[in-house]
$ cat upload-v5.txt   # compact mmCIF, C-alpha atoms
# COMPACT_ATOMS: atom_id res chain seq x y z
CA MET A 825 0.00 0.00 0.00
CA MET A 826 2.76 2.44 0.95
CA LYS A 827 4.68 1.59 -2.24
CA THR A 828 1.59 2.30 -4.33
CA LEU A 829 0.92 5.57 -2.55
CA HIS A 830 4.55 6.59 -2.95
CA LEU A 831 4.51 5.90 -6.69
CA SER A 832 1.20 7.72 -7.07
CA LEU A 833 2.69 10.77 -5.40
CA LEU A 834 5.80 10.45 -7.55
CA ALA A 835 3.61 10.32 -10.66
CA LEU A 836 1.99 13.57 -9.64
CA LEU A 837 5.41 15.17 -9.29
CA LEU A 838 6.66 13.74 -12.59
CA PHE A 839 3.67 14.65 -14.67
CA GLY A 840 2.77 17.83 -12.77
CA GLY A 841 0.57 20.49 -14.33
CA ALA A 842 -2.98 19.34 -14.91
CA ALA A 843 -2.24 15.95 -13.38
CA HIS A 844 -1.63 17.29 -9.90
CA ALA A 845 -5.28 18.19 -9.49
CA GLN A 846 -6.36 14.77 -10.71
CA GLU A 847 -6.55 11.47 -8.89
CA VAL A 848 -4.06 8.79 -9.86
CA LYS A 849 -5.79 5.40 -9.92
CA VAL A 850 -3.87 2.14 -9.58
CA LEU A 851 -4.85 -0.34 -12.28
CA GLY A 852 -2.90 -3.11 -10.58
CA THR A 853 0.44 -4.45 -9.42
CA PHE A 854 1.98 -7.07 -11.67
CA GLY A 855 5.18 -8.65 -10.44
CA LYS A 856 7.36 -5.64 -9.67
CA TRP A 857 5.46 -3.30 -12.02
CA ILE A 858 2.66 -0.92 -11.03
CA ALA A 859 0.14 0.18 -13.67
CA GLN A 860 -1.69 3.47 -13.08
CA THR A 861 -3.92 5.99 -14.82
CA TYR A 862 -5.00 9.59 -14.39
CA LYS A 863 -6.73 12.32 -16.41
CA GLU A 864 -4.76 15.17 -17.95
CA ASN A 865 -6.86 17.94 -19.47
CA GLY A 866 -9.79 15.54 -19.33
CA GLN A 867 -7.92 12.86 -21.29
CA ALA A 868 -6.77 9.48 -19.94
CA VAL A 869 -3.06 8.84 -19.47
CA CYS A 870 -1.89 5.36 -18.47
CA PHE A 871 1.59 4.44 -17.32
CA MET A 872 3.50 1.63 -15.72
CA SER A 873 6.66 1.86 -13.66
CA VAL A 874 9.22 -0.21 -11.83
CA LYS A 875 12.06 0.57 -9.44
CA PRO A 876 15.49 -0.98 -10.04
CA ASP A 877 16.34 -4.34 -8.46
CA SER A 878 19.94 -3.17 -8.23
CA SER A 879 21.81 0.09 -8.65
CA GLU A 880 25.54 0.68 -8.88
CA GLY A 881 27.48 3.89 -8.99
CA ASN A 882 29.72 6.22 -7.05
CA TYR A 883 27.21 8.69 -5.63
CA LYS A 884 26.53 10.08 -2.16
CA ALA A 885 22.84 10.78 -2.57
CA ARG A 886 20.35 9.88 -5.25
CA GLY A 887 16.62 10.20 -5.70
CA GLU A 888 14.33 7.40 -6.79
CA ALA A 889 15.06 5.77 -10.17
CA LEU A 890 12.22 4.42 -12.33
CA PHE A 891 11.73 2.78 -15.72
CA MET A 892 8.38 3.74 -17.25
CA VAL A 893 6.10 3.10 -20.22
CA THR A 894 3.29 5.60 -20.94
CA HIS A 895 0.21 5.69 -23.20
CA ARG A 896 -1.41 9.02 -24.14
CA PRO A 897 -4.27 8.10 -26.52
CA SER A 898 -5.35 11.74 -27.02
CA GLU A 899 -1.90 12.40 -28.54
CA GLN A 900 -1.82 9.01 -30.28
CA ALA A 901 1.36 8.28 -28.28
CA PHE A 902 1.67 4.69 -27.12
CA ASP A 903 4.55 2.74 -25.56
CA THR A 904 6.57 5.87 -24.74
CA ILE A 905 9.67 4.74 -22.84
CA SER A 906 11.14 6.99 -20.18
CA VAL A 907 13.72 6.67 -17.44
CA VAL A 908 13.84 8.71 -14.26
CA ALA A 909 17.47 8.68 -13.07
CA GLY A 910 17.10 10.10 -9.58
CA TYR A 911 19.77 12.67 -10.45
CA GLN A 912 20.47 15.28 -13.15
CA TYR A 913 22.03 13.70 -16.23
CA LEU A 914 25.22 15.12 -17.65
CA PRO A 915 24.11 17.66 -20.30
CA ASP A 916 24.31 16.35 -23.88
CA SER A 917 24.78 12.77 -22.66
CA ASP A 918 22.81 9.66 -23.54
CA ALA A 919 21.40 7.03 -21.22
CA VAL A 920 22.04 3.55 -22.62
CA VAL A 921 19.30 0.93 -22.38
CA ASN A 922 20.23 -2.71 -22.88
CA VAL A 923 17.55 -5.37 -23.24
CA ASN A 924 18.08 -8.84 -24.69
CA GLY A 925 21.58 -7.84 -25.86
CA LYS A 926 20.29 -4.87 -27.88
CA ARG A 927 21.52 -1.36 -27.03
CA PHE A 928 19.56 1.85 -27.43
CA ASN A 929 20.74 5.41 -26.76
CA LEU A 930 18.10 7.57 -25.08
CA PHE A 931 18.41 11.34 -25.07
CA THR A 932 18.49 13.00 -21.67
CA ASN A 933 17.09 16.23 -20.25
CA GLY A 934 17.34 17.01 -16.56
CA GLU A 935 16.75 13.77 -14.71
CA ARG A 936 14.73 12.09 -17.49
CA ALA A 937 15.64 10.09 -20.60
CA TRP A 938 13.52 9.12 -23.64
CA ALA A 939 13.85 7.28 -26.93
CA ARG A 940 14.37 9.58 -29.90
CA ASP A 941 11.35 8.32 -31.84
CA ALA A 942 8.20 6.20 -31.58
CA ALA A 943 9.70 3.37 -33.67
CA THR A 944 12.48 2.93 -31.09
CA ASP A 945 9.90 2.97 -28.28
CA LYS A 946 7.94 0.18 -29.99
CA THR A 947 11.09 -1.89 -30.61
CA ILE A 948 12.16 -1.57 -26.97
CA VAL A 949 8.69 -2.55 -25.70
CA ALA A 950 8.67 -5.64 -27.95
CA LEU A 951 12.03 -6.67 -26.49
CA LEU A 952 10.87 -5.94 -22.93
CA ILE A 953 7.94 -8.33 -23.40
CA GLN A 954 10.44 -11.09 -24.25
CA GLY A 955 13.12 -10.23 -21.68
CA ASN A 956 13.94 -10.84 -18.03
CA THR A 957 15.74 -7.60 -17.17
CA VAL A 958 16.53 -4.21 -18.66
CA THR A 959 19.72 -2.34 -17.78
CA VAL A 960 20.11 1.44 -17.91
CA LYS A 961 23.50 3.17 -17.73
CA GLY A 962 23.70 6.91 -17.30
CA THR A 963 26.13 9.64 -16.34
CA SER A 964 25.22 12.26 -13.76
CA SER A 965 25.96 15.96 -14.03
CA ARG A 966 28.81 15.25 -11.58
CA ASN A 967 30.22 12.75 -14.09
CA ASN A 968 29.31 9.68 -11.99
CA VAL A 969 28.29 6.62 -14.00
CA THR A 970 25.34 4.60 -12.73
CA THR A 971 23.96 1.22 -13.73
CA ASP A 972 20.40 0.25 -12.84
CA VAL A 973 18.93 -3.20 -13.45
CA PHE A 974 15.13 -3.44 -13.61
CA SER A 975 13.14 -6.67 -13.45
CA LEU A 976 10.69 -7.41 -16.24
CA ALA A 977 8.64 -9.79 -14.05
CA GLY A 978 5.04 -8.71 -14.59
CA PHE A 979 5.87 -6.41 -17.52
CA THR A 980 3.50 -8.08 -20.01
CA ALA A 981 0.54 -8.07 -17.59
CA ALA A 982 1.18 -4.43 -16.61
CA HIS A 983 1.43 -3.49 -20.29
CA LYS A 984 -1.90 -5.18 -20.96
CA ALA A 985 -3.45 -3.25 -18.05
CA ILE A 986 -2.35 0.15 -19.40
CA SER A 987 -3.29 -0.87 -22.93
CA ASP A 988 -6.79 -1.84 -21.74
CA GLY A 989 -7.02 1.38 -19.69
CA CYS A 990 -5.91 3.62 -22.56
CA LYS A 991 -7.07 2.05 -25.79
CA LYS A 992 -6.13 3.33 -29.22
CA PRO A 993 -9.00 5.38 -30.72

$ encode --input "upload-v5.txt" --output "structure tokens"
Amino acid sequence: MMKTLHLSLLALLLFGGAAHAQEVKVLGTFGKWIAQTYKENGQAVCFMSVKPDSSEGNYKARGEALFMVTHRPSEQAFDTISVVAGYQYLPDSDAVVNVNGKRFNLFTNGERAWARDAATDKTIVALLIQGNTVTVKGTSSRNNVTTDVFSLAGFTAAHKAISDGCKKP
């Protein structure tokens, strides 16, 4: 319960704006993943998130790291991958995602990272459905390298929950 509440509050901080006045509803917990939804400007947004199973790096303090997948049907945006590092990324650096032996460079801004296009998002999600773990390597603004390993246990069920909650028009 506390974990769910914490992630709901984190979602409000991450998505801010119109979302902060809206209620975040938990669609379910699937393995280590939590699927949630809320309304933004009257439109449904569904997302799923997971905390890392392990984190390595030479840092003194770090906020919460998350790996997320988001659907925004009103924008026809589905399977948008994002990473929350828990620190500010080094400007003009990439975060590197590795799933099933395939590497993808995500662009960074502040403490977030995203795929450069929807085709890459879709490719990553297809690999996540087949995988066991996803690894994200990033470099902080203090030039510290981190490695986070996220479990994919429950990924497919969580993905189905957000896909059912935010269907394509």

$ residues_near_point --input "upload-v5.txt" --point "(5.2, -5.9, -21.1)" --cutoff "12 Å" --atoms "all atoms listed in the file" --output "number ranges by chain"
A: 854-859, 871-874, 892-894, 903, 905, 946-958, 975-987

$ atom_distance --input "upload-v5.txt" --atom1 "CA of Asn882 in chain A" --atom2 "CA of Thr959 in chain A"
17.0 Å

$ atom_distance --input "upload-v5.txt" --atom1 "CA of Ala868 in chain A" --atom2 "CA of Tyr911 in chain A"
28.4 Å

$ residues_around --input "upload-v5.txt" --residues "Glu899 in chain A" --least-positions-apart "4" --cutoff "10 Å" --atoms "only C-alpha atoms" --output "list in words"
Gln867, Val869 and His895 of chain A

$ atom_distance --input "upload-v5.txt" --atom1 "CA of Ser917 in chain A" --atom2 "CA of Leu890 in chain A"
18.3 Å

$ decode --input "upload-v5.txt" --residues "range 846-874 of chain A" --atoms "N, CA and C atoms" --output "mmCIF file, in the first residue's frame"
data_model
loop_
_atom_site.group_PDB
_atom_site.id
_atom_site.type_symbol
_atom_site.label_atom_id
_atom_site.label_comp_id
_atom_site.auth_asym_id
_atom_site.auth_seq_id
_atom_site.Cartn_x
_atom_site.Cartn_y
_atom_site.Cartn_z
ATOM 1 N N GLN A 846 -5.620 15.971 -10.385
ATOM 2 C CA GLN A 846 -6.363 14.771 -10.714
ATOM 3 C C GLN A 846 -5.948 13.613 -9.813
ATOM 4 N N GLU A 847 -6.824 12.650 -9.692
ATOM 5 C CA GLU A 847 -6.549 11.467 -8.895
ATOM 6 C C GLU A 847 -5.837 10.423 -9.745
ATOM 7 N N VAL A 848 -4.763 9.877 -9.211
ATOM 8 C CA VAL A 848 -4.060 8.786 -9.861
ATOM 9 C C VAL A 848 -4.680 7.490 -9.350
ATOM 10 N N LYS A 849 -5.132 6.647 -10.277
ATOM 11 C CA LYS A 849 -5.792 5.396 -9.924
ATOM 12 C C LYS A 849 -4.860 4.236 -10.274
ATOM 13 N N VAL A 850 -4.696 3.329 -9.342
ATOM 14 C CA VAL A 850 -3.874 2.142 -9.582
ATOM 15 C C VAL A 850 -4.708 1.121 -10.347
ATOM 16 N N LEU A 851 -4.192 0.691 -11.484
ATOM 17 C CA LEU A 851 -4.853 -0.342 -12.284
ATOM 18 C C LEU A 851 -4.483 -1.730 -11.776
ATOM 19 N N GLY A 852 -3.326 -1.829 -11.140
ATOM 20 C CA GLY A 852 -2.904 -3.111 -10.582
ATOM 21 C C GLY A 852 -1.406 -3.172 -10.401
ATOM 22 N N THR A 853 -0.978 -4.145 -9.601
ATOM 23 C CA THR A 853 0.437 -4.447 -9.418
ATOM 24 C C THR A 853 0.679 -5.801 -10.053
ATOM 25 N N PHE A 854 1.691 -5.862 -10.900
ATOM 26 C CA PHE A 854 1.982 -7.069 -11.668
ATOM 27 C C PHE A 854 3.459 -7.367 -11.514
ATOM 28 N N GLY A 855 3.785 -8.402 -10.747
ATOM 29 C CA GLY A 855 5.183 -8.648 -10.439
ATOM 30 C C GLY A 855 5.731 -7.431 -9.727
ATOM 31 N N LYS A 856 6.766 -6.832 -10.276
ATOM 32 C CA LYS A 856 7.358 -5.638 -9.669
ATOM 33 C C LYS A 856 6.825 -4.341 -10.292
ATOM 34 N N TRP A 857 5.973 -4.462 -11.294
ATOM 35 C CA TRP A 857 5.456 -3.303 -12.016
ATOM 36 C C TRP A 857 4.134 -2.827 -11.423
ATOM 37 N N ILE A 858 3.926 -1.519 -11.447
ATOM 38 C CA ILE A 858 2.660 -0.923 -11.035
ATOM 39 C C ILE A 858 2.088 -0.180 -12.243
ATOM 40 N N ALA A 859 0.837 -0.480 -12.576
ATOM 41 C CA ALA A 859 0.142 0.184 -13.675
ATOM 42 C C ALA A 859 -0.838 1.182 -13.077
ATOM 43 N N GLN A 860 -0.850 2.403 -13.624
ATOM 44 C CA GLN A 860 -1.689 3.474 -13.078
ATOM 45 C C GLN A 860 -2.274 4.312 -14.202
ATOM 46 N N THR A 861 -3.301 5.085 -13.853
ATOM 47 C CA THR A 861 -3.915 5.991 -14.823
ATOM 48 C C THR A 861 -4.356 7.273 -14.117
ATOM 49 N N TYR A 862 -4.468 8.323 -14.880
ATOM 50 C CA TYR A 862 -5.004 9.593 -14.393
ATOM 51 C C TYR A 862 -5.517 10.363 -15.599
ATOM 52 N N LYS A 863 -6.224 11.451 -15.340
ATOM 53 C CA LYS A 863 -6.728 12.316 -16.410
ATOM 54 C C LYS A 863 -5.872 13.567 -16.478
ATOM 55 N N GLU A 864 -5.515 13.942 -17.700
ATOM 56 C CA GLU A 864 -4.762 15.167 -17.948
ATOM 57 C C GLU A 864 -5.549 15.962 -18.977
ATOM 58 N N ASN A 865 -5.998 17.136 -18.593
ATOM 59 C CA ASN A 865 -6.861 17.942 -19.469
ATOM 60 C C ASN A 865 -8.069 17.144 -19.940
ATOM 61 N N GLY A 866 -8.610 16.331 -19.032
ATOM 62 C CA GLY A 866 -9.795 15.536 -19.335
ATOM 63 C C GLY A 866 -9.526 14.275 -20.127
ATOM 64 N N GLN A 867 -8.278 14.020 -20.475
ATOM 65 C CA GLN A 867 -7.918 12.863 -21.292
ATOM 66 C C GLN A 867 -7.156 11.831 -20.450
ATOM 67 N N ALA A 868 -7.428 10.558 -20.688
ATOM 68 C CA ALA A 868 -6.775 9.484 -19.938
ATOM 69 C C ALA A 868 -5.298 9.375 -20.320
ATOM 70 N N VAL A 869 -4.471 9.167 -19.307
ATOM 71 C CA VAL A 869 -3.057 8.844 -19.467
ATOM 72 C C VAL A 869 -2.834 7.595 -18.626
ATOM 73 N N CYS A 870 -2.195 6.582 -19.192
ATOM 74 C CA CYS A 870 -1.892 5.361 -18.466
ATOM 75 C C CYS A 870 -0.389 5.143 -18.492
ATOM 76 N N PHE A 871 0.150 4.695 -17.362
ATOM 77 C CA PHE A 871 1.592 4.440 -17.318
ATOM 78 C C PHE A 871 1.883 3.298 -16.371
ATOM 79 N N MET A 872 3.027 2.703 -16.573
ATOM 80 C CA MET A 872 3.504 1.628 -15.719
ATOM 81 C C MET A 872 4.937 1.944 -15.334
ATOM 82 N N SER A 873 5.317 1.537 -14.126
ATOM 83 C CA SER A 873 6.660 1.863 -13.664
ATOM 84 C C SER A 873 7.207 0.762 -12.772
ATOM 85 N N VAL A 874 8.528 0.749 -12.683
ATOM 86 C CA VAL A 874 9.223 -0.213 -11.834
ATOM 87 C C VAL A 874 10.477 0.445 -11.285
#
